[in-house]
Amino acid sequence: MSSQAVTAQVIATEPELLRLLDQLSAEEKVSLVVGASMWTTTGVPRIGLEPVVLSDGPVGVRGPDGGTSAMFPAPSALAATWDLELARRAGLLFAAEARRHGVDVVLAPQVNLQRTPVGGRHFECYSEDPHLTAEIAVALVGAAQERGVGMCVKHYVANDSETERTRYLARLDERTLREAYLAPFERLVRDVNPWSVMGAYNGADTEGLAAPLLEHRPLVVDLLKEEWGYDGLFVSDWVATQSVVPAVRGGLDLQMPGPDGAWGDGLLDAVRSGEVAESELDDKVLRLLRLARRTGRLVLPGASDADGAAGAHLALQAVPDQPTAATATSSALLRELAARSVVVLKDDAGLVPLVQDGARPLRVALLGPAAIEPFFQGGGSSFVQPDHLTYPADELRAALPAGSELTVLAGARALHNPPELDVERCTDPVSGEPGLRVELLAADGSTLEERTATEWTGWLEDVRADADAVRLRATVRLDEPGDHELGVGTVGVHRVLVDGAEVATGSTVVNEDVVLSSGHNHPIAALAQASGTAELDATVQVVHAVGYGHFVRAALVHRLPGPSAADELAAAVEAAAAADVAVVLVGTTAEVESEGYDRPDLDLPGNQDELVRRVAAANPRTVVVVNAGAPVLLPWLNDVPTALWGWLPGQEAGTALADVLTGATEPSGRLPWTLPARFEDVPVPHARPADGVVEYTEGTDVGYRAWERRLAAGPDAAGAGAPVPAAPFGHGLGWTTWEYEDAVLAWGQSHDAPATLTAYVTVRNTGSRAGREVVQVYVEAPAGGPSRPVRWLGGFAVADVPAMGSATVRVPVPTRALQVWDPQAKGWTTPPGTYRLRTGRSVADLRLTNELTVRPGEEPGAGTQ
């Protein structure tokens, strides 16, 4: 059943939903617009309403009860495929995973633009371009909802920084908001009607009002719900609701989580006092009932299960009968997606694939921290426990020709923090039993509870509400001679002692803006001793966070003695020099890319740059693979023959990389963002609020558009040229070569739909291998009109072409690509003049040009040529 058919069927049942609404008391209405728990809404059995279950989801469906899940590549990797059919298949897998975990609504996708490369959640977004973002998201959301699983599109809107993330105000003009940041949301609402939209933590200063997004009536009620006609549920980001009446009237429909929080504690009283009229809740409750109906959680009187408006029974059909079959199906898709997403940044020596026809045994040195422990997924709320993980060494060893030799060494250190402490080394210093001494302390320091813990995950959850701190003590056995490092990573107030000496202290109370992934904060003590024991004593704050309960973050860490960093590097260089080819895997880590904090720079962590330089100098046949979601600087890029961007690849990291390196799958990815060569060249180097405000001074020149603006401006007064990125937006070489032969523009019209523009582009594969090309069409505005970007993406399409073959590729260019928002007229308009449509392989590699004239007073498609 299509999403349009589902919507039509729900609208047809609206009288029944209204009758249910009339049966609800004020108390029941309030309960329905406040979460019942962290992940569920409230059910009302007497009207046939079951709780709706929600779950985090950008890289997989975690499920409310944990367990393992299919771990997808990062969303930026999906966008790098530029493949709408792959995005659709990913949406179907989201639906299957949701049903597998009993989830009705997946909190994904994130369609905020990648405004700055240092944004902590950059990897969770699709692209710096609104059109690419919208196209991928529409395909994914539409497919999932066809299977009866709701998607919650987030974060509405201009949510582009993790610094002061619950408090800052995004200040941007109306055109910038409409043409860039709202554009993906509008496309989604108009094309596939997502069943829920999540409001962001931040505020917005636009449309004549500065307010938190959950209280921003012009953006939520006037625009989203009324102008766009959105009939879905507008839900808060978790614990983002800070008011009762302003949020009610600002358009919020559901506060999550619950049952406490602003609405849980105060909404019913506001209704009883008359401050909020009961009728003000009716539209919100109706939207919740509509969502429940769509997901099969509300069966109307007289309807059978098979009549569920969203076709929930269809969702069950998406899941194979046997768990092993489901796992195999998801693994195959995720393997293909991860491999297809890989971007060939350069391949001067033709090293990819490593295995050519008539393959002979190879001596391969697989080097780098990510060769040992890949960075599978970014940190934060999107984290899932994978069904399984595949590793590059295992998969490459199996895929290389018989008789090949594979040497695997880290060679460098990407992590600042030591690994987790093995609790089996610990003894409770009080009882003498194996494990840790855990004491819950009151505010006056007295002991409330104490016990011995034989396991420790780094988190202590469901702590009693009257606890102020937790004291952790252990006698740690240090059997290995040499230098050990021992410490605790935490947030909030803390004091860490090792052998009675204070090694870390902090006095800042944490009660909001909780760092969800606090792995970047691990105070450690260096212990130089031959053997024996060390006494670890840490007192850390209990965090009392509305909506998240009461918990403690305390990551116990321990690095064993071993070779020095210099020794590890020297061993890797020696292995590279002896190999036929060196493959170096470098990248970021959860200390770098995570929800909760932005990056201070774009450097590869640790001594990874030095590893690449030394290996490339030792072996001219070096392939570097970058394991990162967001841009990093590659100062050695000109000195290596081959470089691939491998993303955060998810559970199939090993299989996908082996497929790419051995030629099983073409790395046909294209960059969905711009890769800078120098940090000082980045157009928006940070998104830190100044006096609580993030100013969007670049306007609609987001990402590559800003780079193009500077390039078009030419040398400055001192004669210095504009900065050039290391790789432009849309770049990717694949493993063959291409010629662009012709492009023809044509207008089409069907029924009452607006005219549509299509570019028919003929491309030829001039290489000896079949290949996949991403044909990109960019629009350049007429001279003399309103200020606009130098050029912007108007359309794209993927084509598979055999070796030495050609294909004519159909590239749709939506009419909106020609339009601008007119703040005075409050509407979209197409400035007249001659537009240039430039077609090519990236924004910097444009091969063909067509012109299109729009005459004054005429709509596109009428009187154009």
# chains A, B, ... in the order shown; residues from 1 in each chain; ligands from 1
>>> select_by_dssp(residues="region 178-318 of chain A", states="helix (DSSP H, G or I)", output="ChimeraX atom specification")
/A:178-181,183-191,213-215,217-227,245-250,261-273,278-294,305-307,312-317
>>> residues_around(residues="region 654-658 of chain A", least_positions_apart="6", cutoff="10 Å", atoms="only C-alpha atoms", output="number ranges by chain")
A: 331-332, 334-342, 353-354, 371, 374, 376, 389-400, 625, 646, 664-665, 667
>>> residues_around(residues="Leu286 (chain A)", least_positions_apart="2", cutoff="9 Å", atoms="only C-alpha atoms", output="PyMOL selection string")
chain A and resi 14+17-18+20-21+281-284+288-291
>>> residues_around(residues="Val612 (chain A)", least_positions_apart="3", cutoff="8 Å", atoms="only C-alpha atoms", output="number ranges by chain")
A: 584, 608-609, 615-616, 624, 636
>>> write_last_selection(atoms="N, CA, C and O atoms", output="PDB file, in the first residue's frame")
ATOM      1  N   VAL A 584      46.515   1.304   4.318  1.00  0.00           N
ATOM      2  CA  VAL A 584      46.546   2.000   5.603  1.00  0.00           C
ATOM      3  C   VAL A 584      45.142   2.495   5.933  1.00  0.00           C
ATOM      4  O   VAL A 584      44.552   3.261   5.165  1.00  0.00           O
ATOM      5  N   GLN A 608      48.344   9.433  13.343  1.00  0.00           N
ATOM      6  CA  GLN A 608      47.964   8.737  12.118  1.00  0.00           C
ATOM      7  C   GLN A 608      48.536   9.402  10.867  1.00  0.00           C
ATOM      8  O   GLN A 608      48.893   8.719   9.902  1.00  0.00           O
ATOM      9  N   ASP A 609      48.602  10.728  10.841  1.00  0.00           N
ATOM     10  CA  ASP A 609      49.192  11.407   9.688  1.00  0.00           C
ATOM     11  C   ASP A 609      50.646  10.982   9.500  1.00  0.00           C
ATOM     12  O   ASP A 609      51.109  10.770   8.363  1.00  0.00           O
ATOM     13  N   VAL A 615      54.651   5.358   5.746  1.00  0.00           N
ATOM     14  CA  VAL A 615      54.344   4.182   4.936  1.00  0.00           C
ATOM     15  C   VAL A 615      54.428   4.519   3.455  1.00  0.00           C
ATOM     16  O   VAL A 615      54.996   3.756   2.653  1.00  0.00           O
ATOM     17  N   ALA A 616      53.880   5.667   3.043  1.00  0.00           N
ATOM     18  CA  ALA A 616      53.930   6.059   1.630  1.00  0.00           C
ATOM     19  C   ALA A 616      55.366   6.244   1.159  1.00  0.00           C
ATOM     20  O   ALA A 616      55.694   5.943   0.002  1.00  0.00           O
ATOM     21  N   VAL A 624      45.370   4.353   0.934  1.00  0.00           N
ATOM     22  CA  VAL A 624      44.899   4.863   2.219  1.00  0.00           C
ATOM     23  C   VAL A 624      43.377   4.863   2.212  1.00  0.00           C
ATOM     24  O   VAL A 624      42.749   5.349   1.261  1.00  0.00           O
ATOM     25  N   TRP A 636      48.626  14.714   3.604  1.00  0.00           N
ATOM     26  CA  TRP A 636      49.487  13.844   2.807  1.00  0.00           C
ATOM     27  C   TRP A 636      48.826  13.411   1.500  1.00  0.00           C
ATOM     28  O   TRP A 636      49.356  12.568   0.784  1.00  0.00           O
TER      29      TRP A 636
END
>>> atom_distance(atom1="CA of Leu409 (chain A)", atom2="CA of Pro386 (chain A)")
24.8 Å
>>> closest_residue(among="A:Pro620, A:Gly199, A:Gly142, A:Gly719", to="Arg88 (chain A)", atoms="only C-alpha atoms")
A:Gly142
>>> closest_residue(among="A:Arg178, A:Arg614, A:Arg772, A:His550", to="Lys826 (chain A)", atoms="only C-alpha atoms")
A:Arg178
>>> residues_around(residues="region 115-121 of chain A", least_positions_apart="5", cutoff="9 Å", atoms="only C-alpha atoms", output="number ranges by chain")
A: 127-128, 160-163, 378-380, 592-602, 630-632, 673-675, 682-687, 702-703
>>> write_last_selection(atoms="C-alpha atoms", output="compact mmCIF listing (two decimals), in the first residue's frame")
# COMPACT_ATOMS: atom_id res chain seq x y z
CA SER A 127 24.58 16.15 3.01
CA GLU A 128 25.43 19.83 2.93
CA ASP A 160 23.36 22.40 13.39
CA SER A 161 25.46 22.63 16.55
CA GLU A 162 26.05 20.52 19.65
CA THR A 163 27.58 23.40 21.62
CA GLY A 378 29.39 7.42 15.62
CA GLY A 379 28.76 8.10 19.27
CA GLY A 380 25.54 9.22 20.91
CA VAL A 592 35.91 12.75 17.98
CA GLU A 593 32.57 12.17 16.22
CA SER A 594 29.64 12.02 18.59
CA GLU A 595 26.40 13.60 19.61
CA GLY A 596 26.91 15.88 22.60
CA TYR A 597 29.93 17.92 21.53
CA ASP A 598 31.40 19.56 18.44
CA ARG A 599 34.93 19.04 17.18
CA PRO A 600 37.61 21.67 17.86
CA ASP A 601 39.41 20.93 14.56
CA LEU A 602 39.49 18.58 11.58
CA ALA A 630 32.71 13.85 8.58
CA PRO A 631 35.60 15.62 6.82
CA VAL A 632 39.13 15.40 8.18
CA TRP A 673 29.95 17.36 1.16
CA THR A 674 33.17 19.30 0.47
CA LEU A 675 36.52 17.99 1.72
CA VAL A 682 36.40 26.17 5.88
CA PRO A 683 33.56 28.67 5.21
CA VAL A 684 31.85 27.94 8.54
CA PRO A 685 34.67 26.75 10.81
CA HIS A 686 32.45 26.39 13.88
CA ALA A 687 28.90 26.82 15.11
CA VAL A 702 25.85 26.45 2.53
CA GLY A 703 28.78 24.09 2.06
>>> residues_around(residues="Asp845 (chain A)", least_positions_apart="6", cutoff="12 Å", atoms="only C-alpha atoms", output="ChimeraX atom specification")
/A:727-733,738-740,775-778,838-839
>>> select_by_dssp(residues="region 748-822 of chain A", states="strand (DSSP E or B)", output="JSON, numbers by chain")
{"A": [748, 756, 757, 758, 759, 760, 761, 762, 763, 764, 765, 771, 772, 773, 774, 775, 776, 777, 778, 779, 780, 792, 793, 794, 795, 796, 797, 798, 799, 800, 801, 806, 807, 808, 809, 810, 811, 812, 813, 820, 821, 822]}
>>> closest_residue(among="A:Ala844, A:Val59, A:Ala90, A:Val809", to="Leu333 (chain A)", atoms="only C-alpha atoms")
A:Ala90
>>> atom_distance(atom1="CA of Leu745 (chain A)", atom2="CA of Asn850 (chain A)")
7.4 Å
